[in-house]
Amino acid sequence: MSVEVEALSKKYGSNQVINQLSFQINKGIFGLLGDNGAGKTTLMKILATLLGFNEGDVSMFGYSLRKEPDAIRAMLGYLPQNFDFFPDATITESMNYFAALKGLIGQRRIQEEISQRLVEVGLEEHAHKKIKQLSGGMKQRFGIAQAMLNLPQLLIIDEPTVGLDPKERIAFRNLLHSFSEDRIVLLSTHIVPDISSTCDNVLILKKGSCLYNGSVDEAIHKVEGKIWLVEVDKGQLQQLSNESRIISVVRKRGLMQVRLLDNSPPEKYGEYTLETPNLEDAYLYISDNERGP
Ligand code: ADP
């Protein structure tokens, strides 16, 4: 029950976007992190069988992406970043269309499947509504419901919480947790705290290569004892930024409160505190320091 990416490469013209990428993931929720342009969307489109690649292969649940994309397609769900569908179709009509695309057969089974997925995302009472009548959050929930049709082994979601309010985010997180017990969820987001709260594991991509593939806790452990908070004035901030990796600066009482990453404490700037690290700190550290496997 795993997805193994093996020396995958993808070029757009001469632009190498995925570069000999290899990693393996088993069941659970995996967050995909990387700077803009790191290749996250390209990777997700390739895994979703929507985009070809130049070299390498992906083995999904024993099938080869290169040789057996149809078998793989039946086992996956995909929610793209800009999910916009026929605005004049109703939710039910659209769900039927996606069920047909996924190759579901048997009218009774299809209706049951659609109704279950709509209940899970809380849209059952809106099934008759047209897509253009839905709020941003409802559209997103509809996108999740179609991706979960036929309970895929691999669910790929790009920026899933954009447009969701805080309550909807929590509901979405709970839905993913119950869904992912025996499955793989790969989700990409720019909101790093969303990954900490939703994912057990994280994959960090840089220039199309994998820098880190492991648990969120282990990633954070890498920066334990390296994150400091200190207050400095403007002149000192300049000096400090030459010496340490600045994570954030907050103006406070006419001074700058600086969160920074360094092996040793910023002793010469006066009082400082050792901070509890988070995934954002770990992400910066790994992006700066790790070369990948
Ligand atoms: P991310 O999702 O991590 O921001 P993308 O996969 O969208 O990264 O893009 C990776 C790189 O590939 C970027 O340099 C982007 O400009 C380029 N790219 C993406 N899609 C295309 C395309 N259809 N044609 C040419 N270049 C593309």
# chains A, B, ... in the order shown; residues from 1 in each chain; ligands from 1
>>> residues_near_ligand(ligand="ligand 1", cutoff="10 Å", atoms="only C-alpha atoms and all ligand atoms", output="NGL selection string")
:A and (10-18 or 32-46 or 51 or 81 or 158-159 or 188-190 or 205-208)
>>> write_last_selection(atoms="N, CA and C atoms", output="mmCIF file, in the first residue's frame")
data_model
loop_
_atom_site.group_PDB
_atom_site.id
_atom_site.type_symbol
_atom_site.label_atom_id
_atom_site.label_comp_id
_atom_site.auth_asym_id
_atom_site.auth_seq_id
_atom_site.Cartn_x
_atom_site.Cartn_y
_atom_site.Cartn_z
ATOM 1 N N LYS A 10 10.934 15.906 -14.954
ATOM 2 C CA LYS A 10 9.992 16.580 -15.852
ATOM 3 C C LYS A 10 10.586 17.913 -16.277
ATOM 4 N N LYS A 11 10.569 18.128 -17.595
ATOM 5 C CA LYS A 11 11.051 19.416 -18.111
ATOM 6 C C LYS A 11 9.913 20.120 -18.819
ATOM 7 N N TYR A 12 9.840 21.457 -18.677
ATOM 8 C CA TYR A 12 9.005 22.269 -19.557
ATOM 9 C C TYR A 12 9.998 22.943 -20.493
ATOM 10 N N GLY A 13 10.068 22.519 -21.734
ATOM 11 C CA GLY A 13 11.116 23.026 -22.619
ATOM 12 C C GLY A 13 12.458 22.633 -22.032
ATOM 13 N N SER A 14 13.315 23.639 -21.766
ATOM 14 C CA SER A 14 14.615 23.301 -21.180
ATOM 15 C C SER A 14 14.601 23.503 -19.655
ATOM 16 N N ASN A 15 13.433 23.873 -19.114
ATOM 17 C CA ASN A 15 13.321 24.139 -17.678
ATOM 18 C C ASN A 15 13.054 22.834 -16.915
ATOM 19 N N GLN A 16 14.089 22.361 -16.193
ATOM 20 C CA GLN A 16 13.967 21.101 -15.438
ATOM 21 C C GLN A 16 13.209 21.394 -14.137
ATOM 22 N N VAL A 17 11.963 20.981 -14.068
ATOM 23 C CA VAL A 17 11.114 21.346 -12.934
ATOM 24 C C VAL A 17 11.078 20.250 -11.872
ATOM 25 N N ILE A 18 11.082 18.983 -12.307
ATOM 26 C CA ILE A 18 11.210 17.851 -11.386
ATOM 27 C C ILE A 18 12.527 17.174 -11.740
ATOM 28 N N LEU A 32 2.844 18.604 1.552
ATOM 29 C CA LEU A 32 3.875 18.898 0.563
ATOM 30 C C LEU A 32 4.224 20.372 0.695
ATOM 31 N N LEU A 33 5.483 20.645 1.047
ATOM 32 C CA LEU A 33 5.913 22.026 1.239
ATOM 33 C C LEU A 33 7.033 22.362 0.271
ATOM 34 N N GLY A 34 7.069 23.603 -0.139
ATOM 35 C CA GLY A 34 8.154 24.053 -1.011
ATOM 36 C C GLY A 34 7.873 25.484 -1.415
ATOM 37 N N ASP A 35 8.929 26.222 -1.729
ATOM 38 C CA ASP A 35 8.747 27.609 -2.168
ATOM 39 C C ASP A 35 7.942 27.622 -3.470
ATOM 40 N N ASN A 36 7.426 28.788 -3.833
ATOM 41 C CA ASN A 36 6.768 28.910 -5.133
ATOM 42 C C ASN A 36 7.736 28.474 -6.219
ATOM 43 N N GLY A 37 7.244 27.668 -7.145
ATOM 44 C CA GLY A 37 8.088 27.223 -8.247
ATOM 45 C C GLY A 37 8.887 25.966 -7.939
ATOM 46 N N ALA A 38 8.716 25.396 -6.727
ATOM 47 C CA ALA A 38 9.489 24.196 -6.349
ATOM 48 C C ALA A 38 9.052 22.955 -7.133
ATOM 49 N N GLY A 39 7.857 23.011 -7.723
ATOM 50 C CA GLY A 39 7.381 21.877 -8.525
ATOM 51 C C GLY A 39 6.240 21.097 -7.883
ATOM 52 N N LYS A 40 5.615 21.660 -6.860
ATOM 53 C CA LYS A 40 4.552 20.937 -6.144
ATOM 54 C C LYS A 40 3.356 20.631 -7.057
ATOM 55 N N THR A 41 2.853 21.663 -7.730
ATOM 56 C CA THR A 41 1.676 21.455 -8.588
ATOM 57 C C THR A 41 2.014 20.516 -9.735
ATOM 58 N N THR A 42 3.195 20.668 -10.297
ATOM 59 C CA THR A 42 3.617 19.781 -11.383
ATOM 60 C C THR A 42 3.650 18.332 -10.895
ATOM 61 N N LEU A 43 4.230 18.108 -9.728
ATOM 62 C CA LEU A 43 4.288 16.748 -9.180
ATOM 63 C C LEU A 43 2.881 16.195 -8.966
ATOM 64 N N MET A 44 1.996 17.019 -8.403
ATOM 65 C CA MET A 44 0.643 16.516 -8.135
ATOM 66 C C MET A 44 -0.099 16.198 -9.435
ATOM 67 N N LYS A 45 0.108 17.010 -10.468
ATOM 68 C CA LYS A 45 -0.544 16.720 -11.755
ATOM 69 C C LYS A 45 -0.008 15.424 -12.360
ATOM 70 N N ILE A 46 1.298 15.206 -12.205
ATOM 71 C CA ILE A 46 1.885 13.955 -12.728
ATOM 72 C C ILE A 46 1.280 12.758 -11.988
ATOM 73 N N LEU A 51 -0.517 14.776 -16.361
ATOM 74 C CA LEU A 51 0.634 15.402 -17.006
ATOM 75 C C LEU A 51 1.699 14.331 -17.213
ATOM 76 N N GLN A 81 -6.007 23.052 -7.757
ATOM 77 C CA GLN A 81 -5.958 24.345 -7.075
ATOM 78 C C GLN A 81 -7.148 25.240 -7.468
ATOM 79 N N ASP A 158 -4.672 20.099 -3.712
ATOM 80 C CA ASP A 158 -3.819 21.271 -3.871
ATOM 81 C C ASP A 158 -4.498 22.461 -3.186
ATOM 82 N N GLU A 159 -3.864 23.052 -2.192
ATOM 83 C CA GLU A 159 -4.391 24.224 -1.481
ATOM 84 C C GLU A 159 -5.835 24.009 -1.016
ATOM 85 N N SER A 188 -1.028 19.808 -0.535
ATOM 86 C CA SER A 188 -0.090 20.914 -0.675
ATOM 87 C C SER A 188 -0.763 22.178 -0.176
ATOM 88 N N THR A 189 -0.048 22.967 0.585
ATOM 89 C CA THR A 189 -0.611 24.241 1.030
ATOM 90 C C THR A 189 0.512 25.221 1.330
ATOM 91 N N HIS A 190 0.180 26.495 1.237
ATOM 92 C CA HIS A 190 1.163 27.506 1.619
ATOM 93 C C HIS A 190 1.071 27.805 3.106
ATOM 94 N N LEU A 205 10.032 19.942 -0.850
ATOM 95 C CA LEU A 205 10.611 19.978 -2.193
ATOM 96 C C LEU A 205 11.395 21.266 -2.389
ATOM 97 N N LYS A 206 12.530 21.145 -3.071
ATOM 98 C CA LYS A 206 13.268 22.342 -3.477
ATOM 99 C C LYS A 206 13.801 22.098 -4.884
ATOM 100 N N LYS A 207 13.492 22.986 -5.789
ATOM 101 C CA LYS A 207 13.905 22.866 -7.186
ATOM 102 C C LYS A 207 13.677 21.452 -7.716
ATOM 103 N N GLY A 208 12.516 20.887 -7.413
ATOM 104 C CA GLY A 208 12.152 19.592 -7.973
ATOM 105 C C GLY A 208 12.824 18.399 -7.342
#
>>> select_by_dssp(residues="stretch 47-263 of chain A", states="strand (DSSP E)", output="PyMOL selection string")
chain A and resi 55-60+63-64+76-79+154-158+184-188+201-206+209-215+227-232+245-252+255-261
>>> residues_around(residues="A:Val232", least_positions_apart="3", cutoff="9 Å", atoms="only C-alpha atoms", output="count of residues only")
10
>>> select_by_dssp(residues="stretch 2-245 of chain A", states="alpha helix (DSSP H)", output="PyMOL selection string")
chain A and resi 40-47+69-73+91-101+107-120+136-147+166-179+192-198+216-221+234-243
>>> write_last_selection(atoms="C-alpha atoms", output="short mmCIF file (atom, residue, chain, number, x, y, z; two decimals), in the first residue's frame")
data_model
loop_
_atom_site.label_atom_id
_atom_site.label_comp_id
_atom_site.auth_asym_id
_atom_site.auth_seq_id
_atom_site.Cartn_x
_atom_site.Cartn_y
_atom_site.Cartn_z
CA LYS A 40 4.55 20.94 -6.14
CA THR A 41 1.68 21.46 -8.59
CA THR A 42 3.62 19.78 -11.38
CA LEU A 43 4.29 16.75 -9.18
CA MET A 44 0.64 16.52 -8.14
CA LYS A 45 -0.54 16.72 -11.75
CA ILE A 46 1.88 13.96 -12.73
CA LEU A 47 0.69 11.73 -9.86
CA PRO A 69 -2.23 4.96 -15.92
CA ASP A 70 -5.83 3.73 -16.34
CA ALA A 71 -5.55 1.31 -13.42
CA ILE A 72 -4.09 4.09 -11.31
CA ARG A 73 -6.73 6.62 -12.34
CA ILE A 91 -24.17 19.59 -7.40
CA THR A 92 -25.99 16.31 -8.10
CA GLU A 93 -25.51 16.61 -11.87
CA SER A 94 -21.82 17.40 -11.40
CA MET A 95 -21.28 14.53 -8.99
CA ASN A 96 -22.92 12.16 -11.49
CA TYR A 97 -20.56 13.43 -14.16
CA PHE A 98 -17.49 12.83 -11.98
CA ALA A 99 -18.79 9.38 -11.01
CA ALA A 100 -19.01 8.53 -14.72
CA LEU A 101 -15.45 9.85 -15.29
CA GLN A 107 -27.24 3.47 -10.79
CA ARG A 108 -28.06 2.47 -7.21
CA ARG A 109 -24.44 2.28 -6.15
CA ILE A 110 -23.67 5.63 -7.80
CA GLN A 111 -26.57 7.37 -6.02
CA GLU A 112 -25.52 5.88 -2.67
CA GLU A 113 -21.93 6.86 -3.23
CA ILE A 114 -22.86 10.45 -4.16
CA SER A 115 -25.19 10.83 -1.23
CA GLN A 116 -22.59 9.53 1.27
CA ARG A 117 -19.89 11.85 0.02
CA LEU A 118 -22.26 14.85 0.15
CA VAL A 119 -23.29 14.00 3.72
CA GLU A 120 -19.61 13.84 4.75
CA GLY A 136 -16.45 29.81 -1.78
CA GLY A 137 -16.43 27.39 1.14
CA MET A 138 -19.28 25.33 -0.31
CA LYS A 139 -17.52 25.10 -3.67
CA GLN A 140 -14.42 23.85 -1.92
CA ARG A 141 -16.43 21.23 -0.03
CA PHE A 142 -18.02 20.14 -3.30
CA GLY A 143 -14.51 19.78 -4.75
CA ILE A 144 -13.51 17.58 -1.83
CA ALA A 145 -16.65 15.44 -2.20
CA GLN A 146 -15.96 14.76 -5.90
CA ALA A 147 -12.31 13.92 -5.12
CA PRO A 166 -12.00 28.47 10.58
CA LYS A 167 -14.90 26.13 11.40
CA GLU A 168 -14.83 24.63 7.93
CA ARG A 169 -11.08 24.12 8.27
CA ILE A 170 -11.56 22.10 11.43
CA ALA A 171 -14.32 20.04 9.81
CA PHE A 172 -12.06 19.46 6.80
CA ARG A 173 -9.19 18.32 9.02
CA ASN A 174 -11.44 15.85 10.85
CA LEU A 175 -12.77 14.53 7.56
CA LEU A 176 -9.24 13.93 6.27
CA HIS A 177 -8.23 12.17 9.48
CA SER A 178 -11.06 9.69 9.34
CA PHE A 179 -10.54 9.23 5.61
CA VAL A 192 2.47 25.85 7.15
CA PRO A 193 0.46 25.70 10.42
CA ASP A 194 -2.24 23.83 8.45
CA ILE A 195 0.34 21.13 7.75
CA SER A 196 1.37 20.92 11.43
CA SER A 197 -2.22 20.49 12.52
CA THR A 198 -3.35 18.15 9.74
CA VAL A 216 6.53 16.54 11.25
CA ASP A 217 7.89 15.92 14.77
CA GLU A 218 11.30 14.81 13.49
CA ALA A 219 11.52 17.85 11.24
CA ILE A 220 10.79 20.13 14.19
CA HIS A 221 13.29 18.23 16.33
CA LYS A 234 17.21 49.06 14.08
CA GLY A 235 21.00 49.23 13.90
CA GLN A 236 21.44 45.97 15.78
CA LEU A 237 18.87 44.29 13.54
CA GLN A 238 21.09 44.97 10.53
CA GLN A 239 24.07 43.41 12.30
CA LEU A 240 22.01 40.49 13.59
CA SER A 241 20.71 39.70 10.11
CA ASN A 242 24.32 39.39 8.90
CA GLU A 243 25.06 36.85 11.61
#
>>> residues_around(residues="A:Asp281", least_positions_apart="4", cutoff="9 Å", atoms="only C-alpha atoms", output="PyMOL selection string")
chain A and resi 220+223+227+247+260-261+277+285-286
>>> closest_residue(among="A:Ser264, A:Ser59, A:Ser22, A:Gln133", to="A:Leu211", atoms="only C-alpha atoms")
A:Ser22
>>> closest_residue(among="A:Gly103, A:Gln153, A:Ala89, A:Gly56", to="A:Ala127", atoms="only C-alpha atoms")
A:Ala89
>>> residues_around(residues="A:Glu6", least_positions_apart="3", cutoff="12 Å", atoms="only C-alpha atoms", output="list in words")
Val3, Ser9, Ile18, Asn19, Gln20, Leu21, Ser22, Phe23, Gln24, Ile25, Phe53, Glu55, Gly56, Asp57, Val58, Ser59, Met60, Ser64, Leu65, Arg66, Ser209 and Cys210 of chain A
>>> atom_distance(atom1="atom CA of A:Asn26", atom2="atom CA of A:Val202")
12.1 Å
>>> atom_distance(atom1="atom CA of A:Met148", atom2="atom CA of A:Ile29")
14.4 Å
>>> closest_residue(among="A:Phe86, A:Trp228, A:Tyr212, A:Phe61", to="A:Pro152", atoms="only C-alpha atoms")
A:Phe61
>>> residues_around(residues="A:Thr273", least_positions_apart="6", cutoff="10 Å", atoms="only C-alpha atoms", output="PyMOL selection string")
chain A and resi 227-231+259+265-266
>>> closest_residue(among="A:Ser180, A:Asp88, A:Asn263, A:Leu187", to="A:Lys129", atoms="only C-alpha atoms")
A:Asp88
>>> decode(residues="stretch 189-239 of chain A", atoms="N, CA and C atoms", output="PDB file, in the first residue's frame")
ATOM      1  N   THR A 189      -0.048  22.967   0.585  1.00  0.00           N
ATOM      2  CA  THR A 189      -0.611  24.241   1.030  1.00  0.00           C
ATOM      3  C   THR A 189       0.512  25.221   1.330  1.00  0.00           C
ATOM      4  N   HIS A 190       0.180  26.495   1.237  1.00  0.00           N
ATOM      5  CA  HIS A 190       1.163  27.506   1.619  1.00  0.00           C
ATOM      6  C   HIS A 190       1.071  27.805   3.106  1.00  0.00           C
ATOM      7  N   ILE A 191       0.005  27.305   3.732  1.00  0.00           N
ATOM      8  CA  ILE A 191      -0.224  27.631   5.141  1.00  0.00           C
ATOM      9  C   ILE A 191       0.443  26.567   5.997  1.00  0.00           C
ATOM     10  N   VAL A 192       1.676  26.860   6.440  1.00  0.00           N
ATOM     11  CA  VAL A 192       2.473  25.850   7.149  1.00  0.00           C
ATOM     12  C   VAL A 192       1.769  25.341   8.419  1.00  0.00           C
ATOM     13  N   PRO A 193       1.156  26.234   9.230  1.00  0.00           N
ATOM     14  CA  PRO A 193       0.461  25.700  10.420  1.00  0.00           C
ATOM     15  C   PRO A 193      -0.643  24.692  10.071  1.00  0.00           C
ATOM     16  N   ASP A 194      -1.244  24.823   8.887  1.00  0.00           N
ATOM     17  CA  ASP A 194      -2.243  23.829   8.452  1.00  0.00           C
ATOM     18  C   ASP A 194      -1.610  22.454   8.333  1.00  0.00           C
ATOM     19  N   ILE A 195      -0.361  22.421   7.884  1.00  0.00           N
ATOM     20  CA  ILE A 195       0.341  21.134   7.752  1.00  0.00           C
ATOM     21  C   ILE A 195       0.624  20.565   9.139  1.00  0.00           C
ATOM     22  N   SER A 196       1.090  21.418  10.074  1.00  0.00           N
ATOM     23  CA  SER A 196       1.372  20.915  11.427  1.00  0.00           C
ATOM     24  C   SER A 196       0.121  20.319  12.049  1.00  0.00           C
ATOM     25  N   SER A 197      -1.030  20.957  11.817  1.00  0.00           N
ATOM     26  CA  SER A 197      -2.224  20.489  12.518  1.00  0.00           C
ATOM     27  C   SER A 197      -2.909  19.346  11.784  1.00  0.00           C
ATOM     28  N   THR A 198      -2.612  19.154  10.521  1.00  0.00           N
ATOM     29  CA  THR A 198      -3.349  18.151   9.745  1.00  0.00           C
ATOM     30  C   THR A 198      -2.511  16.926   9.408  1.00  0.00           C
ATOM     31  N   CYS A 199      -1.199  17.118   9.193  1.00  0.00           N
ATOM     32  CA  CYS A 199      -0.395  16.034   8.610  1.00  0.00           C
ATOM     33  C   CYS A 199       0.494  15.357   9.643  1.00  0.00           C
ATOM     34  N   ASP A 200       0.701  14.060   9.482  1.00  0.00           N
ATOM     35  CA  ASP A 200       1.659  13.335  10.318  1.00  0.00           C
ATOM     36  C   ASP A 200       3.054  13.515   9.732  1.00  0.00           C
ATOM     37  N   ASN A 201       3.095  13.627   8.425  1.00  0.00           N
ATOM     38  CA  ASN A 201       4.378  13.623   7.722  1.00  0.00           C
ATOM     39  C   ASN A 201       4.473  14.804   6.782  1.00  0.00           C
ATOM     40  N   VAL A 202       5.700  15.120   6.425  1.00  0.00           N
ATOM     41  CA  VAL A 202       5.890  16.238   5.499  1.00  0.00           C
ATOM     42  C   VAL A 202       6.981  15.900   4.488  1.00  0.00           C
ATOM     43  N   LEU A 203       6.719  16.342   3.254  1.00  0.00           N
ATOM     44  CA  LEU A 203       7.717  16.218   2.183  1.00  0.00           C
ATOM     45  C   LEU A 203       8.127  17.643   1.824  1.00  0.00           C
ATOM     46  N   ILE A 204       9.412  17.890   1.807  1.00  0.00           N
ATOM     47  CA  ILE A 204       9.864  19.244   1.442  1.00  0.00           C
ATOM     48  C   ILE A 204      10.569  19.178   0.097  1.00  0.00           C
ATOM     49  N   LEU A 205      10.032  19.942  -0.850  1.00  0.00           N
ATOM     50  CA  LEU A 205      10.611  19.978  -2.193  1.00  0.00           C
ATOM     51  C   LEU A 205      11.395  21.266  -2.389  1.00  0.00           C
ATOM     52  N   LYS A 206      12.530  21.145  -3.071  1.00  0.00           N
ATOM     53  CA  LYS A 206      13.268  22.342  -3.477  1.00  0.00           C
ATOM     54  C   LYS A 206      13.801  22.098  -4.884  1.00  0.00           C
ATOM     55  N   LYS A 207      13.492  22.986  -5.789  1.00  0.00           N
ATOM     56  CA  LYS A 207      13.905  22.866  -7.186  1.00  0.00           C
ATOM     57  C   LYS A 207      13.677  21.452  -7.716  1.00  0.00           C
ATOM     58  N   GLY A 208      12.516  20.887  -7.413  1.00  0.00           N
ATOM     59  CA  GLY A 208      12.152  19.592  -7.973  1.00  0.00           C
ATOM     60  C   GLY A 208      12.824  18.399  -7.342  1.00  0.00           C
ATOM     61  N   SER A 209      13.553  18.591  -6.226  1.00  0.00           N
ATOM     62  CA  SER A 209      14.153  17.455  -5.514  1.00  0.00           C
ATOM     63  C   SER A 209      13.588  17.404  -4.104  1.00  0.00           C
ATOM     64  N   CYS A 210      13.660  16.207  -3.506  1.00  0.00           N
ATOM     65  CA  CYS A 210      13.101  16.038  -2.177  1.00  0.00           C
ATOM     66  C   CYS A 210      14.188  16.290  -1.126  1.00  0.00           C
ATOM     67  N   LEU A 211      13.979  17.294  -0.276  1.00  0.00           N
ATOM     68  CA  LEU A 211      14.958  17.608   0.774  1.00  0.00           C
ATOM     69  C   LEU A 211      14.660  16.847   2.047  1.00  0.00           C
ATOM     70  N   TYR A 212      13.387  16.567   2.266  1.00  0.00           N
ATOM     71  CA  TYR A 212      13.014  15.918   3.532  1.00  0.00           C
ATOM     72  C   TYR A 212      11.750  15.100   3.312  1.00  0.00           C
ATOM     73  N   ASN A 213      11.727  13.893   3.829  1.00  0.00           N
ATOM     74  CA  ASN A 213      10.544  13.035   3.810  1.00  0.00           C
ATOM     75  C   ASN A 213      10.503  12.329   5.158  1.00  0.00           C
ATOM     76  N   GLY A 214       9.663  12.801   6.051  1.00  0.00           N
ATOM     77  CA  GLY A 214       9.627  12.187   7.375  1.00  0.00           C
ATOM     78  C   GLY A 214       8.526  12.795   8.220  1.00  0.00           C
ATOM     79  N   SER A 215       8.544  12.504   9.500  1.00  0.00           N
ATOM     80  CA  SER A 215       7.456  12.986  10.345  1.00  0.00           C
ATOM     81  C   SER A 215       7.628  14.481  10.623  1.00  0.00           C
ATOM     82  N   VAL A 216       6.514  15.127  10.902  1.00  0.00           N
ATOM     83  CA  VAL A 216       6.527  16.545  11.253  1.00  0.00           C
ATOM     84  C   VAL A 216       7.351  16.725  12.534  1.00  0.00           C
ATOM     85  N   ASP A 217       7.168  15.806  13.489  1.00  0.00           N
ATOM     86  CA  ASP A 217       7.887  15.918  14.774  1.00  0.00           C
ATOM     87  C   ASP A 217       9.404  15.853  14.584  1.00  0.00           C
ATOM     88  N   GLU A 218       9.850  14.923  13.737  1.00  0.00           N
ATOM     89  CA  GLU A 218      11.302  14.807  13.493  1.00  0.00           C
ATOM     90  C   GLU A 218      11.856  16.053  12.823  1.00  0.00           C
ATOM     91  N   ALA A 219      11.066  16.626  11.920  1.00  0.00           N
ATOM     92  CA  ALA A 219      11.516  17.849  11.239  1.00  0.00           C
ATOM     93  C   ALA A 219      11.706  18.954  12.278  1.00  0.00           C
ATOM     94  N   ILE A 220      10.722  19.082  13.166  1.00  0.00           N
ATOM     95  CA  ILE A 220      10.790  20.135  14.190  1.00  0.00           C
ATOM     96  C   ILE A 220      11.959  19.866  15.145  1.00  0.00           C
ATOM     97  N   HIS A 221      12.208  18.598  15.416  1.00  0.00           N
ATOM     98  CA  HIS A 221      13.292  18.227  16.331  1.00  0.00           C
ATOM     99  C   HIS A 221      14.653  18.747  15.838  1.00  0.00           C
ATOM    100  N   LYS A 222      14.786  18.878  14.516  1.00  0.00           N
ATOM    101  CA  LYS A 222      16.056  19.346  13.941  1.00  0.00           C
ATOM    102  C   LYS A 222      16.425  20.759  14.400  1.00  0.00           C
ATOM    103  N   VAL A 223      15.421  21.567  14.780  1.00  0.00           N
ATOM    104  CA  VAL A 223      15.727  22.949  15.172  1.00  0.00           C
ATOM    105  C   VAL A 223      15.541  23.182  16.676  1.00  0.00           C
ATOM    106  N   GLU A 224      15.398  22.078  17.407  1.00  0.00           N
ATOM    107  CA  GLU A 224      15.293  22.173  18.872  1.00  0.00           C
ATOM    108  C   GLU A 224      16.582  22.820  19.402  1.00  0.00           C
ATOM    109  N   GLY A 225      16.442  23.839  20.273  1.00  0.00           N
ATOM    110  CA  GLY A 225      17.631  24.483  20.849  1.00  0.00           C
ATOM    111  C   GLY A 225      18.308  25.473  19.915  1.00  0.00           C
ATOM    112  N   LYS A 226      17.660  25.800  18.785  1.00  0.00           N
ATOM    113  CA  LYS A 226      18.278  26.720  17.810  1.00  0.00           C
ATOM    114  C   LYS A 226      17.417  27.959  17.548  1.00  0.00           C
ATOM    115  N   ILE A 227      16.267  28.057  18.198  1.00  0.00           N
ATOM    116  CA  ILE A 227      15.355  29.172  17.911  1.00  0.00           C
ATOM    117  C   ILE A 227      15.348  30.125  19.106  1.00  0.00           C
ATOM    118  N   TRP A 228      15.631  31.402  18.837  1.00  0.00           N
ATOM    119  CA  TRP A 228      15.787  32.398  19.908  1.00  0.00           C
ATOM    120  C   TRP A 228      14.922  33.611  19.646  1.00  0.00           C
ATOM    121  N   LEU A 229      14.572  34.286  20.756  1.00  0.00           N
ATOM    122  CA  LEU A 229      13.822  35.538  20.664  1.00  0.00           C
ATOM    123  C   LEU A 229      14.644  36.607  21.374  1.00  0.00           C
ATOM    124  N   VAL A 230      14.858  37.740  20.702  1.00  0.00           N
ATOM    125  CA  VAL A 230      15.650  38.807  21.300  1.00  0.00           C
ATOM    126  C   VAL A 230      15.111  40.161  20.824  1.00  0.00           C
ATOM    127  N   GLU A 231      15.236  41.200  21.668  1.00  0.00           N
ATOM    128  CA  GLU A 231      14.787  42.535  21.264  1.00  0.00           C
ATOM    129  C   GLU A 231      15.991  43.395  20.934  1.00  0.00           C
ATOM    130  N   VAL A 232      15.943  44.008  19.769  1.00  0.00           N
ATOM    131  CA  VAL A 232      17.084  44.840  19.331  1.00  0.00           C
ATOM    132  C   VAL A 232      16.568  46.140  18.718  1.00  0.00           C
ATOM    133  N   ASP A 233      17.481  47.110  18.541  1.00  0.00           N
ATOM    134  CA  ASP A 233      17.058  48.313  17.814  1.00  0.00           C
ATOM    135  C   ASP A 233      17.416  48.151  16.334  1.00  0.00           C
ATOM    136  N   LYS A 234      17.087  49.175  15.538  1.00  0.00           N
ATOM    137  CA  LYS A 234      17.208  49.063  14.078  1.00  0.00           C
ATOM    138  C   LYS A 234      18.634  48.736  13.626  1.00  0.00           C
ATOM    139  N   GLY A 235      19.596  49.435  14.263  1.00  0.00           N
ATOM    140  CA  GLY A 235      20.997  49.235  13.895  1.00  0.00           C
ATOM    141  C   GLY A 235      21.460  47.817  14.194  1.00  0.00           C
ATOM    142  N   GLN A 236      21.039  47.333  15.386  1.00  0.00           N
ATOM    143  CA  GLN A 236      21.440  45.973  15.775  1.00  0.00           C
ATOM    144  C   GLN A 236      20.792  44.922  14.852  1.00  0.00           C
ATOM    145  N   LEU A 237      19.575  45.250  14.408  1.00  0.00           N
ATOM    146  CA  LEU A 237      18.872  44.294  13.540  1.00  0.00           C
ATOM    147  C   LEU A 237      19.683  44.027  12.267  1.00  0.00           C
ATOM    148  N   GLN A 238      20.260  45.111  11.737  1.00  0.00           N
ATOM    149  CA  GLN A 238      21.087  44.967  10.535  1.00  0.00           C
ATOM    150  C   GLN A 238      22.262  44.017  10.796  1.00  0.00           C
ATOM    151  N   GLN A 239      22.914  44.248  11.941  1.00  0.00           N
ATOM    152  CA  GLN A 239      24.066  43.412  12.305  1.00  0.00           C
ATOM    153  C   GLN A 239      23.638  41.954  12.534  1.00  0.00           C
TER     154      GLN A 239
END
